[in-house]
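Pasting upload10.cif here (mmCIF, C-alpha atoms (C1' of nucleotides)):
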data_start
#
loop_
_atom_site.label_atom_id
_atom_site.label_comp_id
_atom_site.auth_asym_id
_atom_site.auth_seq_id
_atom_site.Cartn_x
_atom_site.Cartn_y
_atom_site.Cartn_z
CA MET M 768 103.24 85.57 100.13
CA ARG M 769 103.89 82.33 101.93
CA ARG M 770 101.79 81.64 105.00
CA LEU M 771 103.62 82.28 108.23
CA SER M 772 103.90 79.71 110.97
CA PRO M 773 104.41 80.50 114.65
CA GLU M 774 107.85 78.88 114.59
CA THR M 775 108.93 81.69 112.32
CA PHE M 776 109.07 83.85 115.40
CA ASP M 777 111.38 81.84 117.59
CA GLU M 778 114.09 83.38 119.63
CA LEU M 779 116.61 82.45 116.98
CA CYS M 780 114.32 83.53 114.20
CA PRO M 781 115.77 85.11 111.08
CA SER M 782 114.37 88.48 112.07
CA SER M 783 117.14 88.73 114.64
CA MET M 784 119.52 89.01 111.71
CA LEU M 785 117.60 91.70 109.86
CA PRO M 786 120.09 94.51 109.30
CA ILE M 787 117.24 96.97 109.29
CA ARG M 788 114.47 97.24 111.83
CA MET M 789 111.38 99.20 112.53
CA GLN M 790 111.09 101.26 115.69
CA ASN M 791 109.25 98.56 117.53
CA LYS M 792 110.63 95.07 117.96
CA TRP M 793 107.47 93.31 116.83
CA ALA M 794 106.35 95.81 114.24
CA PRO M 795 107.91 94.19 111.16
CA LEU M 796 106.48 90.78 111.99
CA LEU M 797 103.13 92.35 112.71
CA MET M 798 103.23 93.95 109.29
CA ARG M 799 103.84 90.60 107.67
CA VAL M 800 101.04 88.98 109.60
CA LEU M 801 98.64 91.77 108.74
CA GLY M 802 99.74 91.44 105.14
CA GLU M 803 97.70 88.27 105.12
CA GLY M 804 94.59 90.28 105.82
CA PRO M 805 92.81 92.18 108.62
CA GLN M 806 92.74 90.36 111.92
CA PRO M 807 91.45 90.80 115.45
CA PHE M 808 93.70 91.16 118.48
CA SER M 809 93.31 87.56 119.52
CA GLU M 810 94.53 86.23 116.21
CA LEU M 811 97.56 88.48 116.31
CA ARG M 812 98.36 87.10 119.72
CA ARG M 813 98.18 83.60 118.38
CA ALA M 814 100.39 84.55 115.44
CA LEU M 815 103.03 86.07 117.74
CA PRO M 816 102.98 83.75 120.73
CA ARG M 817 106.17 85.13 122.22
CA THR M 818 104.68 88.59 122.72
CA SER M 819 102.77 89.80 125.75
CA ALA M 820 99.48 91.64 125.33
CA LYS M 821 101.16 94.78 126.53
CA GLU M 822 103.91 94.65 123.94
CA LEU M 823 101.50 93.76 121.20
CA THR M 824 99.36 96.73 122.11
CA ARG M 825 102.37 99.00 122.12
CA ALA M 826 103.42 97.77 118.71
CA LEU M 827 99.93 98.30 117.34
CA ARG M 828 99.75 101.82 118.76
CA SER M 829 103.09 102.63 117.20
CA LEU M 830 102.07 101.35 113.78
CA ASP M 831 98.79 103.18 114.05
CA ARG M 832 100.48 106.45 114.95
CA ASP M 833 102.64 106.13 111.87
CA GLY M 834 99.62 105.51 109.68
CA PHE M 835 100.50 101.96 108.67
CA ILE M 836 97.50 100.25 110.23
CA THR M 837 93.98 101.11 111.38
CA ARG M 838 91.59 99.73 113.89
CA ALA M 839 88.38 98.34 112.46
CA ALA M 840 88.94 100.08 109.16
CA ASP M 841 85.91 98.73 107.34
CA PRO M 842 82.66 99.13 109.28
CA GLY M 843 81.72 95.85 110.86
CA SER M 844 85.15 94.50 110.03
CA VAL M 845 87.76 92.68 112.02
CA GLY M 846 90.18 94.44 114.33
CA TYR M 847 93.35 95.62 112.65
CA GLY M 848 94.36 95.97 109.04
CA LEU M 849 96.95 97.64 106.83
CA THR M 850 96.31 101.06 105.37
CA PRO M 851 97.36 101.77 101.78
CA LEU M 852 100.47 103.40 103.21
CA GLY M 853 101.08 100.31 105.28
CA GLN M 854 100.73 98.07 102.26
CA SER M 855 103.23 100.17 100.41
CA LEU M 856 105.63 99.91 103.31
CA LEU M 857 105.13 96.17 103.51
CA VAL M 858 106.33 95.76 99.94
CA MET M 859 109.59 97.42 100.85
CA LEU M 860 109.81 95.49 104.09
CA LEU M 861 109.52 92.23 102.18
CA ASP M 862 112.43 93.38 100.04
CA VAL M 863 114.44 93.71 103.23
CA TYR M 864 113.52 90.17 104.24
CA ASP M 865 114.53 88.99 100.78
CA TRP M 866 117.84 90.78 100.94
CA THR M 867 118.52 89.18 104.29
CA ALA M 868 117.73 85.73 102.95
CA GLU M 869 119.97 86.28 99.95
CA HIS M 870 122.91 87.40 102.05
CA TRP M 871 122.29 85.07 104.93
CA ASP M 872 125.61 83.26 104.78
CA GLU M 873 127.62 86.44 104.56
CA LEU M 874 125.76 87.88 107.52
CA VAL M 875 126.29 84.82 109.67
CA ASP M 876 129.94 84.56 108.67
CA ALA M 877 130.60 88.21 109.46
CA ARG M 878 129.18 87.87 112.95
CA GLU M 879 131.03 84.67 113.67
CA ARG M 880 134.27 86.17 112.48
CA ALA M 881 133.71 89.25 114.65
CA ASP M 882 132.84 87.16 117.68
CA ARG M 883 135.87 84.96 117.24
CA ALA M 884 138.08 88.02 116.98
CA GLU M 885 136.57 89.35 120.17
CA GLN M 886 137.17 86.02 121.87
CA ALA M 887 140.81 86.01 120.83
CA GLN M 888 141.09 89.56 122.10
CA ALA M 889 139.59 88.62 125.45
CA SER M 890 141.82 85.63 126.05
CA ALA M 891 144.90 87.60 125.04
CA THR M 892 144.04 90.26 127.60
CA SER M 893 143.47 87.82 130.45
CA MET D 348 124.12 109.88 94.71
CA ARG D 349 123.74 113.49 95.69
CA ARG D 350 126.44 114.88 97.92
CA LEU D 351 125.46 115.13 101.55
CA SER D 352 125.74 118.32 103.53
CA PRO D 353 126.06 118.51 107.32
CA GLU D 354 122.67 120.18 107.58
CA THR D 355 121.18 116.95 106.38
CA PHE D 356 121.79 115.61 109.86
CA ASP D 357 119.94 118.18 111.90
CA GLU D 358 117.73 117.31 114.78
CA LEU D 359 114.69 117.61 112.57
CA CYS D 360 116.36 115.81 109.73
CA PRO D 361 114.33 113.52 107.50
CA SER D 362 115.99 110.48 108.96
CA SER D 363 113.84 110.93 112.03
CA MET D 364 110.91 109.98 109.85
CA LEU D 365 112.49 106.84 108.41
CA PRO D 366 110.03 104.04 109.12
CA ILE D 367 112.89 101.59 109.15
CA ARG D 368 116.15 101.91 111.05
CA MET D 369 119.35 100.09 111.59
CA GLN D 370 120.35 98.91 115.05
CA ASN D 371 122.43 101.96 115.71
CA LYS D 372 121.03 105.45 115.49
CA TRP D 373 123.84 106.79 113.35
CA ALA D 374 124.50 103.70 111.30
CA PRO D 375 122.28 104.52 108.31
CA LEU D 376 123.73 107.99 107.93
CA LEU D 377 127.21 106.59 108.30
CA MET D 378 126.46 104.16 105.51
CA ARG D 379 125.42 107.00 103.24
CA VAL D 380 128.49 109.01 104.08
CA LEU D 381 130.76 106.04 103.48
CA GLY D 382 128.94 105.45 100.23
CA GLU D 383 130.83 108.47 98.97
CA GLY D 384 134.09 106.65 99.51
CA PRO D 385 136.47 105.49 102.28
CA GLN D 386 137.14 108.09 104.91
CA PRO D 387 139.15 108.57 108.09
CA PHE D 388 137.57 109.02 111.50
CA SER D 389 138.04 112.76 111.50
CA GLU D 390 136.12 113.21 108.28
CA LEU D 391 133.26 111.13 109.56
CA ARG D 392 133.12 113.36 112.61
CA ARG D 393 132.91 116.40 110.40
CA ALA D 394 130.17 114.79 108.34
CA LEU D 395 128.13 113.95 111.45
CA PRO D 396 128.70 116.96 113.67
CA ARG D 397 125.94 116.04 116.10
CA THR D 398 127.64 112.81 117.14
CA SER D 399 130.17 112.38 119.90
CA ALA D 400 133.37 110.44 119.29
CA LYS D 401 132.10 107.73 121.57
CA GLU D 402 128.86 107.25 119.66
CA LEU D 403 130.62 107.37 116.34
CA THR D 404 133.00 104.69 117.51
CA ARG D 405 130.13 102.55 118.73
CA ALA D 406 128.35 102.90 115.41
CA LEU D 407 131.50 101.96 113.53
CA ARG D 408 132.08 98.91 115.73
CA SER D 409 128.52 97.81 115.16
CA LEU D 410 128.77 98.15 111.39
CA ASP D 411 132.08 96.36 111.43
CA ARG D 412 130.73 93.48 113.46
CA ASP D 413 127.97 93.05 110.92
CA GLY D 414 130.45 93.01 108.08
CA PHE D 415 129.27 96.21 106.41
CA ILE D 416 132.47 98.20 106.81
CA THR D 417 136.16 97.60 107.39
CA ARG D 418 139.00 99.54 108.89
CA ALA D 419 141.78 100.45 106.52
CA ALA D 420 140.59 97.96 103.94
CA ASP D 421 143.15 98.73 101.27
CA PRO D 422 146.75 98.78 102.48
CA GLY D 423 147.89 102.33 102.95
CA SER D 424 144.31 103.48 102.56
CA VAL D 425 142.10 105.81 104.54
CA GLY D 426 140.28 104.73 107.68
CA TYR D 427 136.88 103.22 107.06
CA GLY D 428 135.15 101.97 103.95
CA LEU D 429 132.23 99.84 102.82
CA THR D 430 132.65 96.13 102.21
CA PRO D 431 130.91 94.55 99.21
CA LEU D 432 128.21 93.40 101.61
CA GLY D 433 127.93 96.95 102.90
CA GLN D 434 127.60 98.32 99.40
CA SER D 435 124.84 95.87 98.70
CA LEU D 436 123.07 96.93 101.87
CA LEU D 437 123.49 100.57 101.00
CA VAL D 438 121.58 100.08 97.77
CA MET D 439 118.62 98.82 99.73
CA LEU D 440 119.01 101.50 102.33
CA LEU D 441 118.81 104.15 99.64
CA ASP D 442 115.56 102.56 98.51
CA VAL D 443 114.25 103.12 102.01
CA TYR D 444 115.27 106.76 101.87
CA ASP D 445 113.56 107.05 98.51
CA TRP D 446 110.38 105.46 99.79
CA THR D 447 110.38 107.90 102.67
CA ALA D 448 110.79 110.86 100.36
CA GLU D 449 107.98 109.63 98.12
CA HIS D 450 105.59 109.18 101.01
CA TRP D 451 106.73 112.15 102.99
CA ASP D 452 103.41 113.95 103.06
CA GLU D 453 101.48 110.89 104.10
CA LEU D 454 103.95 110.20 106.88
CA VAL D 455 103.79 113.72 108.23
CA ASP D 456 100.01 113.82 107.98
CA ALA D 457 99.62 110.52 109.81
CA ARG D 458 101.73 111.68 112.72
CA GLU D 459 100.00 115.03 112.96
CA ARG D 460 96.63 113.36 112.91
CA ALA D 461 97.69 110.93 115.61
CA ASP D 462 99.14 113.70 117.76
CA ARG D 463 96.03 115.82 117.41
CA ALA D 464 93.87 112.87 118.41
CA GLU D 465 96.05 112.34 121.45
CA GLN D 466 95.76 116.02 122.32
CA ALA D 467 91.98 115.89 122.10
CA GLN D 468 92.04 112.78 124.24
CA ALA D 469 94.17 114.47 126.86
CA SER D 470 92.06 117.61 127.12
CA ALA D 471 88.88 115.56 127.31
CA THR D 472 90.31 113.61 130.22
CA SER D 473 91.41 116.66 132.18
"C1'" DC E 68 87.79 89.03 124.13
"C1'" DA E 69 90.82 93.16 124.29
"C1'" DG E 70 93.31 95.24 126.51
"C1'" DT E 71 95.61 98.18 131.12
"C1'" DA E 72 98.57 98.52 135.21
"C1'" DT E 73 103.00 97.56 137.75
"C1'" DC E 74 107.50 96.28 138.60
"C1'" DC E 75 112.02 95.45 137.01
"C1'" DT E 76 116.24 95.16 134.27
"C1'" DC E 77 119.13 96.15 130.46
"C1'" DT E 78 120.49 98.98 126.67
"C1'" DA E 79 120.90 103.11 123.83
"C1'" DT E 80 122.29 107.57 123.76
"C1'" DG E 81 124.01 111.93 125.43
"C1'" DA E 82 127.45 114.90 127.94
"C1'" DT E 83 131.85 115.47 129.40
"C1'" DA E 84 136.58 114.57 130.39
"C1'" DC E 85 140.78 112.10 129.49
"C1'" DT E 86 144.80 109.54 126.69
"C1'" DG E 87 148.62 107.55 123.48
"C1'" DC A 25 144.40 112.46 115.10
"C1'" DA A 26 141.65 108.55 116.94
"C1'" DG A 27 139.80 107.14 120.07
"C1'" DT A 28 138.61 105.42 125.64
"C1'" DA A 29 136.52 106.19 130.28
"C1'" DT A 30 132.73 107.74 133.36
"C1'" DC A 31 128.37 109.39 134.74
"C1'" DA A 32 123.62 109.90 134.11
"C1'" DT A 33 118.91 109.43 132.02
"C1'" DA A 34 115.06 107.77 129.01
"C1'" DG A 35 112.95 104.16 126.92
"C1'" DA A 36 112.58 99.21 125.38
"C1'" DG A 37 111.05 95.08 126.50
"C1'" DG A 38 109.90 91.02 129.71
"C1'" DA A 39 106.98 89.03 133.47
"C1'" DT A 40 102.96 89.05 135.83
"C1'" DA A 41 98.53 90.42 137.54
"C1'" DC A 42 94.28 92.85 136.90
"C1'" DT A 43 89.78 94.85 134.41
"C1'" DG A 44 85.40 96.17 131.62
#

Whole structure, C-alpha coordinates version:
Amino acid sequence: MRRLSPETFDELCPSSMLPIRMQNKWAPLLMRVLGEGPQPFSELRRALPRTSAKELTRALRSLDRDGFITRAADPGSVGYGLTPLGQSLLVMLLDVYDWTAEHWDELVDARERADRAEQAQASATS
Amino acid sequence: MRRLSPETFDELCPSSMLPIRMQNKWAPLLMRVLGEGPQPFSELRRALPRTSAKELTRALRSLDRDGFITRAADPGSVGYGLTPLGQSLLVMLLDVYDWTAEHWDELVDARERADRAEQAQASATS
DNA sequence: CAGTATCCTCTATGATACTG
DNA sequence: CAGTATCATAGAGGATACTG
(Lines of atoms letter the chains of each structure in order from A and count residues from 1; the text may use other names and numbers.)
(Lines give C-alpha, C1' and ligand atoms only; values in the text may rest on other atoms or scores of the structure.)
Protein backbone atom coordinates (compact mmCIF):
# COMPACT_ATOMS: atom_id res chain seq x y z
CA MET A 1 0.00 0.00 0.00
CA ARG A 2 1.22 3.44 -0.91
CA ARG A 3 2.38 5.65 1.94
CA LEU A 4 -0.16 8.24 2.95
CA SER A 5 0.64 11.91 3.15
CA PRO A 6 -1.18 14.41 5.37
CA GLU A 7 -2.55 16.22 2.32
CA THR A 8 -4.58 13.13 1.62
CA PHE A 9 -6.88 14.27 4.38
CA ASP A 10 -7.75 17.73 3.20
CA GLU A 11 -11.21 19.12 3.38
CA LEU A 12 -11.72 18.30 -0.28
CA CYS A 13 -10.10 14.93 0.10
CA PRO A 14 -11.37 12.00 -1.92
CA SER A 15 -12.84 10.42 1.18
CA SER A 16 -15.62 12.97 1.01
CA MET A 17 -16.76 11.20 -2.14
CA LEU A 18 -16.69 7.70 -0.69
CA PRO A 19 -20.16 6.29 -1.30
CA ILE A 20 -19.74 4.09 1.73
CA ARG A 21 -18.60 5.15 5.16
CA MET A 22 -17.86 3.71 8.52
CA GLN A 23 -19.81 4.86 11.56
CA ASN A 24 -17.20 7.36 12.55
CA LYS A 25 -16.00 10.10 10.24
CA TRP A 26 -12.32 9.42 10.79
CA ALA A 27 -12.50 5.67 11.18
CA PRO A 28 -11.76 4.67 7.58
CA LEU A 29 -8.72 6.92 7.37
CA LEU A 30 -7.55 5.66 10.72
CA MET A 31 -7.81 2.13 9.41
CA ARG A 32 -5.64 3.01 6.46
CA VAL A 33 -3.07 4.69 8.64
CA LEU A 34 -2.98 1.76 11.03
CA GLY A 35 -2.63 -0.51 8.04
CA GLU A 36 0.91 0.78 7.84
CA GLY A 37 1.62 -0.68 11.24
CA PRO A 38 0.93 -0.12 14.95
CA GLN A 39 1.34 3.46 16.08
CA PRO A 40 1.08 5.57 19.21
CA PHE A 41 -1.53 8.28 19.70
CA SER A 42 0.84 11.08 18.85
CA GLU A 43 1.69 9.64 15.46
CA LEU A 44 -1.97 9.20 14.62
CA ARG A 45 -2.49 12.84 15.45
CA ARG A 46 0.28 13.81 13.11
CA ALA A 47 -1.17 11.59 10.39
CA LEU A 48 -4.63 13.16 10.75
CA PRO A 49 -3.83 16.80 11.44
CA ARG A 50 -7.38 17.98 10.89
CA THR A 51 -8.72 15.95 13.82
CA SER A 52 -8.92 17.06 17.43
CA ALA A 53 -7.69 14.80 20.20
CA LYS A 54 -11.25 14.32 21.31
CA GLU A 55 -12.46 13.15 17.94
CA LEU A 56 -9.47 10.93 17.46
CA THR A 57 -10.13 9.31 20.81
CA ARG A 58 -13.76 8.79 19.95
CA ALA A 59 -12.83 7.18 16.66
CA LEU A 60 -10.35 4.89 18.38
CA ARG A 61 -12.89 3.88 21.02
CA SER A 62 -15.41 3.10 18.31
CA LEU A 63 -12.97 0.95 16.35
CA ASP A 64 -11.91 -0.79 19.52
CA ARG A 65 -15.48 -1.56 20.51
CA ASP A 66 -16.03 -3.16 17.14
CA GLY A 67 -12.92 -5.28 17.52
CA PHE A 68 -10.97 -3.75 14.65
CA ILE A 69 -8.11 -2.35 16.71
CA THR A 70 -6.46 -2.90 20.09
CA ARG A 71 -4.49 -0.81 22.47
CA ALA A 72 -0.94 -1.94 23.04
CA ALA A 73 -1.64 -5.34 21.57
CA ASP A 74 1.86 -6.75 21.83
CA PRO A 75 3.42 -6.36 25.28
CA GLY A 76 5.83 -3.49 25.25
CA SER A 77 4.50 -2.43 21.88
CA VAL A 78 3.33 0.86 20.48
CA GLY A 79 -0.13 2.25 21.12
CA TYR A 80 -2.73 1.11 18.62
CA GLY A 81 -2.76 -1.59 16.00
CA LEU A 82 -5.14 -3.58 13.82
CA THR A 83 -6.57 -6.86 15.01
CA PRO A 84 -6.86 -9.75 12.55
CA LEU A 85 -10.51 -8.79 12.14
CA GLY A 86 -9.44 -5.23 11.49
CA GLN A 87 -6.96 -6.33 8.87
CA SER A 88 -9.64 -8.31 7.15
CA LEU A 89 -11.91 -5.30 7.17
CA LEU A 90 -9.15 -3.09 5.83
CA VAL A 91 -8.83 -5.28 2.75
CA MET A 92 -12.47 -4.68 1.95
CA LEU A 93 -12.18 -1.01 2.79
CA LEU A 94 -9.35 -0.65 0.30
CA ASP A 95 -11.63 -2.19 -2.30
CA VAL A 96 -14.08 0.60 -1.58
CA TYR A 97 -11.36 3.20 -2.07
CA ASP A 98 -10.43 1.50 -5.33
CA TRP A 99 -14.00 1.45 -6.55
CA THR A 100 -14.27 5.14 -5.78
CA ALA A 101 -11.11 5.92 -7.70
CA GLU A 102 -12.31 3.89 -10.67
CA HIS A 103 -15.66 5.62 -10.80
CA TRP A 104 -14.42 9.03 -9.82
CA ASP A 105 -15.55 10.85 -12.94
CA GLU A 106 -19.02 9.37 -12.85
CA LEU A 107 -19.39 10.30 -9.20
CA VAL A 108 -18.30 13.88 -9.75
CA ASP A 109 -20.48 14.23 -12.84
CA ALA A 110 -23.54 12.88 -11.06
CA ARG A 111 -23.19 15.38 -8.24
CA GLU A 112 -22.58 18.29 -10.56
CA ARG A 113 -25.57 17.36 -12.64
CA ALA A 114 -27.74 17.08 -9.53
CA ASP A 115 -26.52 20.39 -8.18
CA ARG A 116 -27.12 22.15 -11.47
CA ALA A 117 -30.63 20.75 -11.60
CA GLU A 118 -31.24 22.02 -8.09
CA GLN A 119 -29.91 25.43 -9.07
CA ALA A 120 -32.23 25.60 -12.06
CA GLN A 121 -35.08 24.58 -9.80
CA ALA A 122 -34.25 27.30 -7.30
CA SER A 123 -34.02 30.10 -9.83
CA ALA A 124 -37.25 28.99 -11.49
CA THR A 125 -39.02 29.17 -8.15
CA SER A 126 -37.74 32.63 -7.26
CA MET B 1 -29.42 -12.81 -5.17
CA ARG B 2 -31.77 -14.26 -2.62
CA ARG B 3 -35.16 -12.64 -2.40
CA LEU B 4 -35.55 -10.27 0.50
CA SER B 5 -38.34 -10.54 3.00
CA PRO B 6 -39.66 -7.65 5.12
CA GLU B 7 -38.41 -9.33 8.28
CA THR B 8 -34.92 -8.75 7.00
CA PHE B 9 -35.36 -5.15 8.01
CA ASP B 10 -36.24 -5.58 11.65
CA GLU B 11 -34.83 -3.44 14.37
CA LEU B 12 -32.31 -6.12 15.19
CA CYS B 13 -31.60 -6.80 11.57
CA PRO B 14 -28.09 -7.72 10.48
CA SER B 15 -27.64 -4.38 8.81
CA SER B 16 -27.18 -2.86 12.23
CA MET B 17 -23.93 -4.76 12.40
CA LEU B 18 -22.63 -3.61 9.02
CA PRO B 19 -19.22 -2.08 9.71
CA ILE B 20 -19.65 0.13 6.69
CA ARG B 21 -22.66 2.27 5.84
CA MET B 22 -23.88 4.59 3.20
CA GLN B 23 -24.69 8.20 4.03
CA ASN B 24 -28.34 7.48 4.52
CA LYS B 25 -29.58 4.90 6.97
CA TRP B 26 -31.91 3.22 4.52
CA ALA B 27 -29.83 3.64 1.41
CA PRO B 28 -28.03 0.27 1.48
CA LEU B 29 -31.25 -1.67 1.97
CA LEU B 30 -32.90 0.37 -0.75
CA MET B 31 -30.06 -0.56 -3.06
CA ARG B 32 -30.62 -4.23 -2.37
CA VAL B 33 -34.33 -3.94 -2.91
CA LEU B 34 -33.83 -2.07 -6.17
CA GLY B 35 -31.33 -4.70 -7.18
CA GLU B 36 -34.34 -6.93 -7.70
CA GLY B 37 -35.60 -4.59 -10.38
CA PRO B 38 -37.23 -1.16 -10.85
CA GLN B 39 -40.08 -0.48 -8.49
CA PRO B 40 -42.63 2.22 -7.70
CA PHE B 41 -42.67 4.15 -4.45
CA SER B 42 -45.45 2.09 -2.97
CA GLU B 43 -43.57 -1.15 -3.40
CA LEU B 44 -40.50 0.29 -1.78
CA ARG B 45 -42.63 1.28 1.18
CA ARG B 46 -43.92 -2.24 1.47
CA ALA B 47 -40.39 -3.60 1.27
CA LEU B 48 -39.18 -1.28 4.02
CA PRO B 49 -42.12 -1.17 6.40
CA ARG B 50 -40.17 0.49 9.20
CA THR B 51 -39.52 3.63 7.15
CA SER B 52 -41.74 6.67 6.92
CA ALA B 53 -42.59 8.18 3.56
CA LYS B 54 -40.48 11.18 4.44
CA GLU B 55 -37.38 9.13 5.19
CA LEU B 56 -37.87 6.98 2.14
CA THR B 57 -38.10 10.07 0.00
CA ARG B 58 -34.96 11.50 1.56
CA ALA B 59 -33.08 8.27 0.93
CA LEU B 60 -34.23 8.22 -2.68
CA ARG B 61 -33.21 11.84 -3.21
CA SER B 62 -29.80 11.10 -1.76
CA LEU B 63 -29.25 8.08 -3.98
CA ASP B 64 -30.44 10.03 -6.97
CA ARG B 65 -28.10 12.91 -6.27
CA ASP B 66 -25.21 10.48 -6.17
CA GLY B 67 -26.24 8.98 -9.48
CA PHE B 68 -27.07 5.52 -8.16
CA ILE B 69 -30.75 5.51 -9.06
CA THR B 70 -33.13 7.29 -11.42
CA ARG B 71 -36.80 8.06 -11.45
CA ALA B 72 -38.77 6.45 -14.23
CA ALA B 73 -35.64 5.61 -16.16
CA ASP B 74 -37.28 3.79 -19.03
CA PRO B 75 -40.19 5.65 -20.64
CA GLY B 76 -43.44 4.24 -19.41
CA SER B 77 -41.56 2.32 -16.76
CA VAL B 78 -42.02 1.89 -13.04
CA GLY B 79 -40.81 4.44 -10.52
CA TYR B 80 -37.25 3.95 -9.39
CA GLY B 81 -34.40 1.83 -10.69
CA LEU B 82 -30.65 1.43 -10.47
CA THR B 83 -28.36 3.24 -12.88
CA PRO B 84 -25.33 1.40 -14.27
CA LEU B 85 -23.26 3.19 -11.64
CA GLY B 86 -25.72 2.04 -9.01
CA GLN B 87 -25.49 -1.54 -10.20
CA SER B 88 -21.75 -1.37 -9.98
CA LEU B 89 -21.99 -0.03 -6.46
CA LEU B 90 -24.46 -2.71 -5.51
CA VAL B 91 -21.95 -5.41 -6.40
CA MET B 92 -19.52 -3.95 -3.92
CA LEU B 93 -22.22 -3.43 -1.36
CA LEU B 94 -23.13 -7.09 -1.55
CA ASP B 95 -19.49 -7.89 -0.86
CA VAL B 96 -19.81 -5.88 2.33
CA TYR B 97 -22.90 -7.84 3.32
CA ASP B 98 -21.02 -11.05 2.59
CA TRP B 99 -18.03 -9.98 4.66
CA THR B 100 -20.37 -9.19 7.52
CA ALA B 101 -22.02 -12.59 7.31
CA GLU B 102 -18.65 -14.33 7.23
CA HIS B 103 -17.38 -12.49 10.28
CA TRP B 104 -20.64 -12.39 12.12
CA ASP B 105 -19.48 -14.27 15.18
CA GLU B 106 -16.36 -12.20 15.59
CA LEU B 107 -18.37 -9.01 15.29
CA VAL B 108 -20.92 -10.07 17.87
CA ASP B 109 -18.23 -11.33 20.24
CA ALA B 110 -16.24 -8.10 19.99
CA ARG B 111 -19.24 -5.99 20.89
CA GLU B 112 -20.28 -8.22 23.75
CA ARG B 113 -16.77 -8.18 25.12
CA ALA B 114 -16.61 -4.40 24.86
CA ASP B 115 -20.00 -3.99 26.51
CA ARG B 116 -19.10 -6.32 29.34
CA ALA B 117 -15.88 -4.41 29.93
CA GLU B 118 -17.85 -1.18 30.05
CA GLN B 119 -20.28 -2.74 32.51
CA ALA B 120 -17.45 -3.84 34.78
CA GLN B 121 -16.00 -0.36 34.51
CA ALA B 122 -19.29 1.23 35.47
CA SER B 123 -19.92 -0.96 38.51
CA ALA B 124 -16.35 -0.47 39.70
CA THR B 125 -16.83 3.28 39.56
CA SER B 126 -20.11 3.30 41.45
C1' DC C 1 2.64 12.29 25.86
C1' DA C 2 -2.27 10.81 25.95
C1' DG C 3 -5.96 11.96 26.63
C1' DT C 4 -10.70 14.39 29.26
C1' DA C 5 -14.06 18.11 29.90
C1' DT C 6 -17.22 21.80 28.05
C1' DC C 7 -19.79 24.39 25.01
C1' DC C 8 -22.06 24.85 20.74
C1' DT C 9 -24.17 24.04 16.23
C1' DC C 10 -25.91 21.31 12.58
C1' DT C 11 -27.78 17.11 10.81
C1' DA C 12 -30.07 12.63 10.84
C1' DT C 13 -33.96 10.34 12.04
C1' DG C 14 -38.46 9.53 13.98
C1' DA C 15 -43.49 10.64 14.64
C1' DT C 16 -47.36 12.60 12.91
C1' DA C 17 -50.39 15.14 9.98
C1' DC C 18 -51.52 17.01 5.53
C1' DT C 19 -51.99 17.42 0.04
C1' DG C 20 -52.58 17.13 -5.29
C1' DC D 1 -50.69 6.72 -5.13
C1' DA D 2 -46.64 9.68 -4.13
C1' DG D 3 -45.19 12.41 -1.75
C1' DT D 4 -44.63 17.38 1.48
C1' DA D 5 -44.82 19.93 5.95
C1' DT D 6 -43.92 20.38 10.98
C1' DC D 7 -42.25 19.33 15.41
C1' DA D 8 -39.06 17.28 18.38
C1' DT D 9 -34.87 14.70 20.00
C1' DA D 10 -30.28 12.33 19.93
C1' DG D 11 -25.89 12.28 18.35
C1' DA D 12 -21.98 13.89 15.32
C1' DG D 13 -18.46 16.75 15.00
C1' DG D 14 -15.80 21.28 15.69
C1' DA D 15 -13.36 24.56 18.87
C1' DT D 16 -11.13 25.29 22.88
C1' DA D 17 -9.31 24.62 27.43
C1' DC D 18 -7.72 21.58 30.98
C1' DT D 19 -5.19 17.31 33.40
C1' DG D 20 -2.24 13.23 35.24

Determine, for each residue of chain A having at least one atom at most 10 Å from an atom of stretch 815-825 of chain M, the closest pair of atoms and their separation in Å to one decimal, counting only C-alpha atoms (C1' of nucleotides); order by chain and ascending number, as a Markdown table.
| residue | atom | partner | partner_atom | distance |
| --- | --- | --- | --- | --- |
| A:DA36 | C1' | M:Glu822 | CA | 9.9 |
| A:DG37 | C1' | M:Glu822 | CA | 7.6 |
| A:DG38 | C1' | M:Ser819 | CA | 8.2 |
| A:DA39 | C1' | M:Ser819 | CA | 8.8 |

Check your understanding: By how many Å are atom CA of D:Arg379 and atom CA of D:Val455 apart?
Key ->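 One can read the atom CA of D:Arg379 to atom CA of D:Val455 distance as 23.2 Å.
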
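Within 10 Å of the point (92.2, 101.7, 130.9), counting all atoms listed in the file, the protein and nucleic acid residues come to E:DG70, E:DT71, E:DA72, A:DT43, A:DG44.
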
Practice item. Evaluate the PyMOL selection byres ((chain E) within 12 of (chain D)) on the structure here and hand back the selected residues as a list of chain:residue names. Key: E:DT78, E:DA79, E:DT80, E:DG81, E:DA82, E:DT83

Writing out the chosen residues with C-alpha atoms (C1' of nucleotides) as a short mmCIF file (atom, residue, chain, number, x, y, z; two decimals), keeping the file's coordinate frame:
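Output file selection.cif is given in full below:
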data_model
loop_
_atom_site.label_atom_id
_atom_site.label_comp_id
_atom_site.auth_asym_id
_atom_site.auth_seq_id
_atom_site.Cartn_x
_atom_site.Cartn_y
_atom_site.Cartn_z
"C1'" DT E 78 120.49 98.98 126.67
"C1'" DA E 79 120.90 103.11 123.83
"C1'" DT E 80 122.29 107.57 123.76
"C1'" DG E 81 124.01 111.93 125.43
"C1'" DA E 82 127.45 114.90 127.94
"C1'" DT E 83 131.85 115.47 129.40
#

Check your understanding: Residues of chain D within 10 Å of chain M, using all atoms listed in the file, as an NGL selection string?
Key -> :D and (364-371 or 375 or 408 or 410-415 or 432 or 435-436 or 439-440 or 442-443 or 446-447 or 450 or 453-462 or 464-465)

**Study point:** Contact residues around E:DT86 with all atoms listed in the file at 12 Å, ignoring same-chain residues under 6 positions, as an MDAnalysis selection string
**Key:** chainID A and resid 25:29

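Atom to atom, atom CA of D:Thr430 and atom CA of M:Leu796 stand 28.4 Å apart.
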
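Taking atom CA of D:Val380 as the reference point, atom CA of D:Ala394 is found at 7.4 Å.
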
Listed atoms of stretch 78-86 of chain E boxed axis-aligned with 4 Å per side, centre + edges as AutoDock Vina command-line options:
--center_x 132.6 --center_y 107.2 --center_z 127.1 --size_x 32.3 --size_y 24.5 --size_z 14.6

Point to revise | Resolved residues for the PyMOL selection byres ((chain E and resi 68) around 9) as a PyMOL selection string | key: (chain M and resi 808-809) or (chain E and resi 69-70)

Check your understanding: Evaluating the PyMOL selection byres ((chain M and resi 802) around 12) on the displayed file yields which residues, as a PyMOL selection string?
Key -> chain M and resi 768-771+795-801+803-806+811+835-836+847-851+853-858+860-861

Review point. With all atoms listed in the file as the basis for distance, which of D:Val425, D:Pro387, D:Glu449, D:Ser409 is at the shortest distance from chain A?
Key: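 Result for the nearest residue to chain A: D:Pro387.
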